[in-house]
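Comments concern the structure below.
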Amino acid sequence: MEPMRGSGEERLDGLFRAFAECPTPEPSANFMPDLWARIDSRQNLTFSFRRLANAFVTAAVAVSIALGVWMSYPRSNQSFYSQTYVEALENSSPSETMDLIGPVSLDLSDTGR
Amino acid sequence: MLVDFELIKRAQQGDSAAFNDVVLAYRKRILGTITRLIARPEDVEDVAQEVFLRLYFSLDQLRTAEVFEPWLYRLTVNAAYDYLRKQRRRQEYRMSDLSEQQVMLADASAGGKAERDDQYVKKIRESVDSLLGAVSEADRILLMLKEVEGLSLKELEKVYKVNENALKVRLFRARQRVLKAFEAAGKGKEPA
């Protein structure tokens, strides 16, 4: 073996040169088929995801439209909501309401007891 | 350019045969670059396929012919970087990997004395791989592109989209670190 010559820089350059001269591997026979298989697999994955996303968006739009239609439809029991709470209370039990809020009358004639 | 921009345009429009031709034109060069960037021949083809896969799915973003090659280099660099990061997690760098024998081989290669047999090539690759463990994956790739691939600073500027001065500083620091590791390994070889 030759003794070490030159500075570290030169020896490092020598190593890099030797490395650059190393032969590069030839592509194997399966390089292109494998590459296309990977492309197809990635495309299928993307396609499935896109289909899933489209289905989700379509379902969301359909639900939104259905909700919109349902909300805009006139309710059959709309009159129930057209009165205030107090009015609703009055209508539900007028006699009880009167008892509660009517003036108290004291019968003072029966004081002989 | 190894191919006409017309071919790339056809590939952009979804012509599979055109894309196939682009890959066939560049695969040898890309395999060579990746071999030097990652220094592990057994994984080179896998990383190269990843590069072309990324090319296939991003080809529509390419606007002009002049940027095709720097752009392909960038895809190569990114794929190699991702690979090296995964590798680093598996295998930590050890200074002792640079054995005496490897340093002697480096000396011999500088003198052009050793034979280029498979064993020798393997050891050169292992030496460089171990030596480059002294720097980050990003610096390793930058250093390889400059020192081994022979890219000029102008070309590196196009690949990295970073100004020349910043690249010079980074290259200098990376080289100093590698040199330090190389010299430390060389000292280890001398008798005590």
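Residue numbering restarts at 1 in every chain; chains get A, B, ... in the order shown in the structure tokens, and ligands count up from 1 in that same order.
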Can you pull out every residue within 9 Å of region 30-36 of chain A, counting only C-alpha atoms, but drop anything in the same chain fewer than 3 positions away, and send it as a PyMOL selection string? (chain A and resi 27+39-41) or (chain B and resi 20+23-24+45-46+49-50+52-53)
Could you give me, as a list in words, the residues within 9 Å of Val178 (chain B), counting only C-alpha atoms and dropping anything in the same chain fewer than 4 positions from it? Leu12 of chain A; Leu131, Leu132, Gly133, Ala134, Val135, Arg173, Ala174, Phe182 and Glu183 of chain B
Closest atom pairs, chain A residues within 10 Å of chain B, only C-alpha atoms, as JSON lines:
{"residue": "A:Met1", "atom": "CA", "partner": "B:Ala108", "partner_atom": "CA", "distance": 7.3}
{"residue": "A:Glu2", "atom": "CA", "partner": "B:Ala108", "partner_atom": "CA", "distance": 6.9}
{"residue": "A:Pro3", "atom": "CA", "partner": "B:Asp107", "partner_atom": "CA", "distance": 8.1}
{"residue": "A:Met4", "atom": "CA", "partner": "B:Asp107", "partner_atom": "CA", "distance": 6.2}
{"residue": "A:Arg5", "atom": "CA", "partner": "B:Asp107", "partner_atom": "CA", "distance": 7.7}
{"residue": "A:Gly6", "atom": "CA", "partner": "B:Asp107", "partner_atom": "CA", "distance": 9.4}
{"residue": "A:Ser7", "atom": "CA", "partner": "B:Glu183", "partner_atom": "CA", "distance": 9.5}
{"residue": "A:Gly8", "atom": "CA", "partner": "B:Glu183", "partner_atom": "CA", "distance": 6.3}
{"residue": "A:Glu9", "atom": "CA", "partner": "B:Leu179", "partner_atom": "CA", "distance": 6.9}
{"residue": "A:Glu10", "atom": "CA", "partner": "B:Ala110", "partner_atom": "CA", "distance": 7.9}
{"residue": "A:Arg11", "atom": "CA", "partner": "B:Ala110", "partner_atom": "CA", "distance": 6.1}
{"residue": "A:Leu12", "atom": "CA", "partner": "B:Leu179", "partner_atom": "CA", "distance": 6.9}
{"residue": "A:Asp13", "atom": "CA", "partner": "B:Ala110", "partner_atom": "CA", "distance": 7.7}
{"residue": "A:Gly14", "atom": "CA", "partner": "B:Ala110", "partner_atom": "CA", "distance": 4.1}
{"residue": "A:Leu15", "atom": "CA", "partner": "B:Ala106", "partner_atom": "CA", "distance": 5.1}
{"residue": "A:Phe16", "atom": "CA", "partner": "B:Val148", "partner_atom": "CA", "distance": 6.0}
{"residue": "A:Arg17", "atom": "CA", "partner": "B:Val148", "partner_atom": "CA", "distance": 6.8}
{"residue": "A:Ala18", "atom": "CA", "partner": "B:Ser109", "partner_atom": "CA", "distance": 5.9}
{"residue": "A:Phe19", "atom": "CA", "partner": "B:Ile124", "partner_atom": "CA", "distance": 6.2}
{"residue": "A:Ala20", "atom": "CA", "partner": "B:Val148", "partner_atom": "CA", "distance": 5.3}
{"residue": "A:Glu21", "atom": "CA", "partner": "B:Val148", "partner_atom": "CA", "distance": 9.0}
{"residue": "A:Cys22", "atom": "CA", "partner": "B:Val121", "partner_atom": "CA", "distance": 6.1}
{"residue": "A:Pro23", "atom": "CA", "partner": "B:Val121", "partner_atom": "CA", "distance": 8.1}
{"residue": "A:Thr24", "atom": "CA", "partner": "B:Gly32", "partner_atom": "CA", "distance": 5.1}
{"residue": "A:Pro25", "atom": "CA", "partner": "B:Pro41", "partner_atom": "CA", "distance": 7.0}
{"residue": "A:Glu26", "atom": "CA", "partner": "B:Lys28", "partner_atom": "CA", "distance": 7.1}
{"residue": "A:Pro27", "atom": "CA", "partner": "B:Lys28", "partner_atom": "CA", "distance": 7.0}
{"residue": "A:Ser28", "atom": "CA", "partner": "B:Glu45", "partner_atom": "CA", "distance": 8.1}
{"residue": "A:Asn30", "atom": "CA", "partner": "B:Glu45", "partner_atom": "CA", "distance": 9.9}
{"residue": "A:Phe31", "atom": "CA", "partner": "B:Glu45", "partner_atom": "CA", "distance": 7.3}
{"residue": "A:Met32", "atom": "CA", "partner": "B:Asn20", "partner_atom": "CA", "distance": 8.0}
{"residue": "A:Asp34", "atom": "CA", "partner": "B:Gln49", "partner_atom": "CA", "distance": 8.0}
{"residue": "A:Leu35", "atom": "CA", "partner": "B:Gln49", "partner_atom": "CA", "distance": 5.7}
{"residue": "A:Trp36", "atom": "CA", "partner": "B:Leu53", "partner_atom": "CA", "distance": 8.5}
{"residue": "A:Arg38", "atom": "CA", "partner": "B:Leu53", "partner_atom": "CA", "distance": 7.4}
{"residue": "A:Ile39", "atom": "CA", "partner": "B:Leu53", "partner_atom": "CA", "distance": 6.1}
{"residue": "A:Asp40", "atom": "CA", "partner": "B:Leu53", "partner_atom": "CA", "distance": 10.0}
{"residue": "A:Arg42", "atom": "CA", "partner": "B:Leu53", "partner_atom": "CA", "distance": 8.8}
{"residue": "A:Gln43", "atom": "CA", "partner": "B:Phe57", "partner_atom": "CA", "distance": 9.0}
For a quick check of understanding, using only C-alpha atoms, which of B:Lys158, B:Lys86, B:Arg10, B:Arg170 has the smallest distance to Phe68 (chain B)?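 Checking each of B:Lys158, B:Lys86, B:Arg10, B:Arg170 against Phe68 (chain B), counting only C-alpha atoms, the winner is B:Lys158.
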What is the CA of Leu167 (chain B) to CA of Leu142 (chain B) distance in Å? 8.6 Å
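Ranking B:Arg40, B:Ala65, B:Arg74, B:Asp21 by their shortest atom-to-atom distance to Lys9 (chain B), with only C-alpha atoms included, puts B:Ala65 first.
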Please report the interatomic distance between CA of Phe49 (chain A) and CA of Leu75 (chain B) in Å with one decimal.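 Pair CA of Phe49 (chain A) / CA of Leu75 (chain B) returns 24.6 Å.
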At what distance in Å, to one decimal, does CA of Met1 (chain B) lie from CA of Leu145 (chain B)?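 According to the coordinates, CA of Leu145 (chain B) and CA of Met1 (chain B) are separated by 18.3 Å.
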Enumerate the residues of region 2-188 of chain B with a DSSP assignment of helix (DSSP H, G or I), computed from the backbone, and present them as a PyMOL selection string. chain B and resi 5-12+16-38+41-61+65-90+95-97+100-111+118-134+137-147+153-160+164-188
Please write the residues from the selection above to a file, keeping C-alpha atoms, as a short mmCIF file (atom, residue, chain, number, x, y, z; two decimals), in the first residue's frame.
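Saved file result.cif follows:
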data_model
loop_
_atom_site.label_atom_id
_atom_site.label_comp_id
_atom_site.auth_asym_id
_atom_site.auth_seq_id
_atom_site.Cartn_x
_atom_site.Cartn_y
_atom_site.Cartn_z
CA PHE B 5 -40.45 19.74 -24.86
CA GLU B 6 -43.15 18.53 -27.28
CA LEU B 7 -42.80 15.05 -25.77
CA ILE B 8 -43.16 16.49 -22.27
CA LYS B 9 -46.22 18.46 -23.40
CA ARG B 10 -47.80 15.27 -24.71
CA ALA B 11 -47.02 13.54 -21.44
CA GLN B 12 -48.64 16.47 -19.62
CA SER B 16 -48.82 7.42 -21.48
CA ALA B 17 -46.50 6.51 -24.34
CA ALA B 18 -44.93 9.99 -24.19
CA PHE B 19 -44.44 9.70 -20.42
CA ASN B 20 -42.89 6.28 -20.95
CA ASP B 21 -40.41 7.82 -23.42
CA VAL B 22 -39.51 10.59 -20.96
CA VAL B 23 -38.80 7.98 -18.25
CA LEU B 24 -36.75 5.86 -20.64
CA ALA B 25 -34.68 8.89 -21.62
CA TYR B 26 -33.93 9.97 -18.05
CA ARG B 27 -33.96 6.82 -15.97
CA LYS B 28 -30.27 5.97 -16.43
CA ARG B 29 -29.22 9.47 -15.40
CA ILE B 30 -31.60 9.49 -12.44
CA LEU B 31 -30.46 6.04 -11.34
CA GLY B 32 -26.85 7.25 -11.46
CA THR B 33 -27.61 10.37 -9.45
CA ILE B 34 -29.56 8.44 -6.83
CA THR B 35 -26.81 5.83 -6.57
CA ARG B 36 -24.38 8.59 -5.68
CA LEU B 37 -26.79 10.41 -3.40
CA ILE B 38 -27.83 7.47 -1.27
CA PRO B 41 -27.49 0.25 -4.76
CA GLU B 42 -30.13 -2.15 -3.42
CA ASP B 43 -32.61 0.70 -2.87
CA VAL B 44 -31.76 2.84 -5.90
CA GLU B 45 -34.47 1.50 -8.17
CA ASP B 46 -37.16 2.00 -5.56
CA VAL B 47 -36.17 5.64 -5.02
CA ALA B 48 -35.93 6.22 -8.79
CA GLN B 49 -39.45 4.89 -9.24
CA GLU B 50 -40.62 7.25 -6.51
CA VAL B 51 -39.04 10.14 -8.47
CA PHE B 52 -40.88 9.22 -11.66
CA LEU B 53 -44.08 8.63 -9.73
CA ARG B 54 -43.85 12.18 -8.35
CA LEU B 55 -43.02 13.40 -11.84
CA TYR B 56 -46.14 11.74 -13.24
CA PHE B 57 -48.45 13.36 -10.72
CA SER B 58 -46.89 16.81 -10.85
CA LEU B 59 -46.13 17.11 -14.55
CA ASP B 60 -49.11 19.38 -15.14
CA GLN B 61 -47.47 22.05 -12.97
CA ALA B 65 -39.05 23.55 -21.04
CA GLU B 66 -35.99 25.23 -19.48
CA VAL B 67 -36.99 24.33 -15.96
CA PHE B 68 -37.68 20.65 -16.66
CA GLU B 69 -34.24 19.31 -15.78
CA PRO B 70 -33.65 21.40 -12.63
CA TRP B 71 -37.15 20.44 -11.62
CA LEU B 72 -36.47 16.74 -12.18
CA TYR B 73 -33.29 17.16 -10.14
CA ARG B 74 -35.34 18.72 -7.36
CA LEU B 75 -37.73 15.77 -7.38
CA THR B 76 -34.71 13.45 -7.24
CA VAL B 77 -33.14 15.39 -4.41
CA ASN B 78 -36.40 15.37 -2.44
CA ALA B 79 -36.95 11.64 -2.92
CA ALA B 80 -33.34 10.92 -1.91
CA TYR B 81 -33.71 13.21 1.10
CA ASP B 82 -36.88 11.43 2.23
CA TYR B 83 -35.14 8.07 1.83
CA LEU B 84 -32.06 9.18 3.78
CA ARG B 85 -34.17 10.57 6.61
CA LYS B 86 -35.96 7.23 6.94
CA GLN B 87 -32.62 5.42 6.81
CA ARG B 88 -31.09 7.69 9.44
CA ARG B 89 -33.83 6.75 11.83
CA ARG B 90 -32.98 3.09 11.35
CA MET B 95 -17.56 7.10 13.43
CA SER B 96 -16.04 3.64 13.72
CA ASP B 97 -17.75 2.70 10.46
CA GLU B 100 -8.76 1.59 8.62
CA GLN B 101 -9.20 -0.41 5.49
CA GLN B 102 -11.66 2.08 4.06
CA VAL B 103 -9.32 5.00 4.65
CA MET B 104 -6.50 3.07 2.99
CA LEU B 105 -8.78 2.40 0.05
CA ALA B 106 -9.48 6.10 -0.22
CA ASP B 107 -5.75 6.80 -0.35
CA ALA B 108 -5.26 4.13 -2.94
CA SER B 109 -8.12 5.46 -5.06
CA ALA B 110 -6.58 8.91 -5.01
CA GLY B 111 -3.41 7.37 -6.40
CA ASP B 118 -17.10 -5.17 -7.09
CA GLN B 119 -15.62 -5.47 -3.64
CA TYR B 120 -13.64 -2.31 -4.11
CA VAL B 121 -16.65 -0.38 -5.40
CA LYS B 122 -18.70 -1.61 -2.48
CA LYS B 123 -16.09 -0.42 -0.02
CA ILE B 124 -15.76 2.97 -1.67
CA ARG B 125 -19.52 3.37 -1.41
CA GLU B 126 -19.52 2.32 2.23
CA SER B 127 -16.67 4.74 3.00
CA VAL B 128 -18.47 7.67 1.42
CA ASP B 129 -21.76 6.66 3.02
CA SER B 130 -20.17 6.52 6.48
CA LEU B 131 -18.21 9.71 5.95
CA LEU B 132 -21.30 11.63 4.90
CA GLY B 133 -22.95 10.60 8.14
CA ALA B 134 -21.03 13.52 9.63
CA GLU B 137 -29.13 14.63 4.97
CA ALA B 138 -29.69 17.98 3.26
CA ASP B 139 -25.98 18.88 3.36
CA ARG B 140 -25.03 15.41 2.25
CA ILE B 141 -27.15 15.77 -0.88
CA LEU B 142 -25.87 19.28 -1.57
CA LEU B 143 -22.27 18.11 -1.21
CA MET B 144 -22.84 15.12 -3.48
CA LEU B 145 -24.47 17.24 -6.16
CA LYS B 146 -21.52 19.62 -6.13
CA GLU B 147 -18.55 17.32 -5.53
CA LEU B 153 -23.31 26.75 -8.36
CA LYS B 154 -25.59 28.25 -11.03
CA GLU B 155 -27.22 24.88 -11.57
CA LEU B 156 -27.55 24.31 -7.85
CA GLU B 157 -29.16 27.71 -7.56
CA LYS B 158 -31.85 26.58 -10.00
CA VAL B 159 -32.39 23.30 -8.18
CA TYR B 160 -32.55 24.77 -4.68
CA GLU B 164 -25.35 31.45 -4.68
CA ASN B 165 -23.72 32.93 -1.57
CA ALA B 166 -25.96 30.98 0.78
CA LEU B 167 -25.09 27.80 -1.13
CA LYS B 168 -21.36 28.58 -0.96
CA VAL B 169 -21.48 29.02 2.79
CA ARG B 170 -23.45 25.85 3.28
CA LEU B 171 -21.19 23.86 0.99
CA PHE B 172 -18.08 25.14 2.72
CA ARG B 173 -19.35 24.19 6.16
CA ALA B 174 -20.51 20.77 5.02
CA ARG B 175 -17.18 20.06 3.36
CA GLN B 176 -15.27 21.15 6.44
CA ARG B 177 -17.31 18.79 8.59
CA VAL B 178 -16.75 15.88 6.22
CA LEU B 179 -13.06 16.70 5.98
CA LYS B 180 -12.77 16.74 9.74
CA ALA B 181 -14.41 13.31 9.94
CA PHE B 182 -12.15 12.04 7.16
CA GLU B 183 -9.00 13.28 8.87
CA ALA B 184 -10.11 11.91 12.21
CA ALA B 185 -10.59 8.51 10.59
CA GLY B 186 -7.16 8.87 8.91
CA LYS B 187 -5.48 9.58 12.25
CA GLY B 188 -7.06 6.47 13.69
#
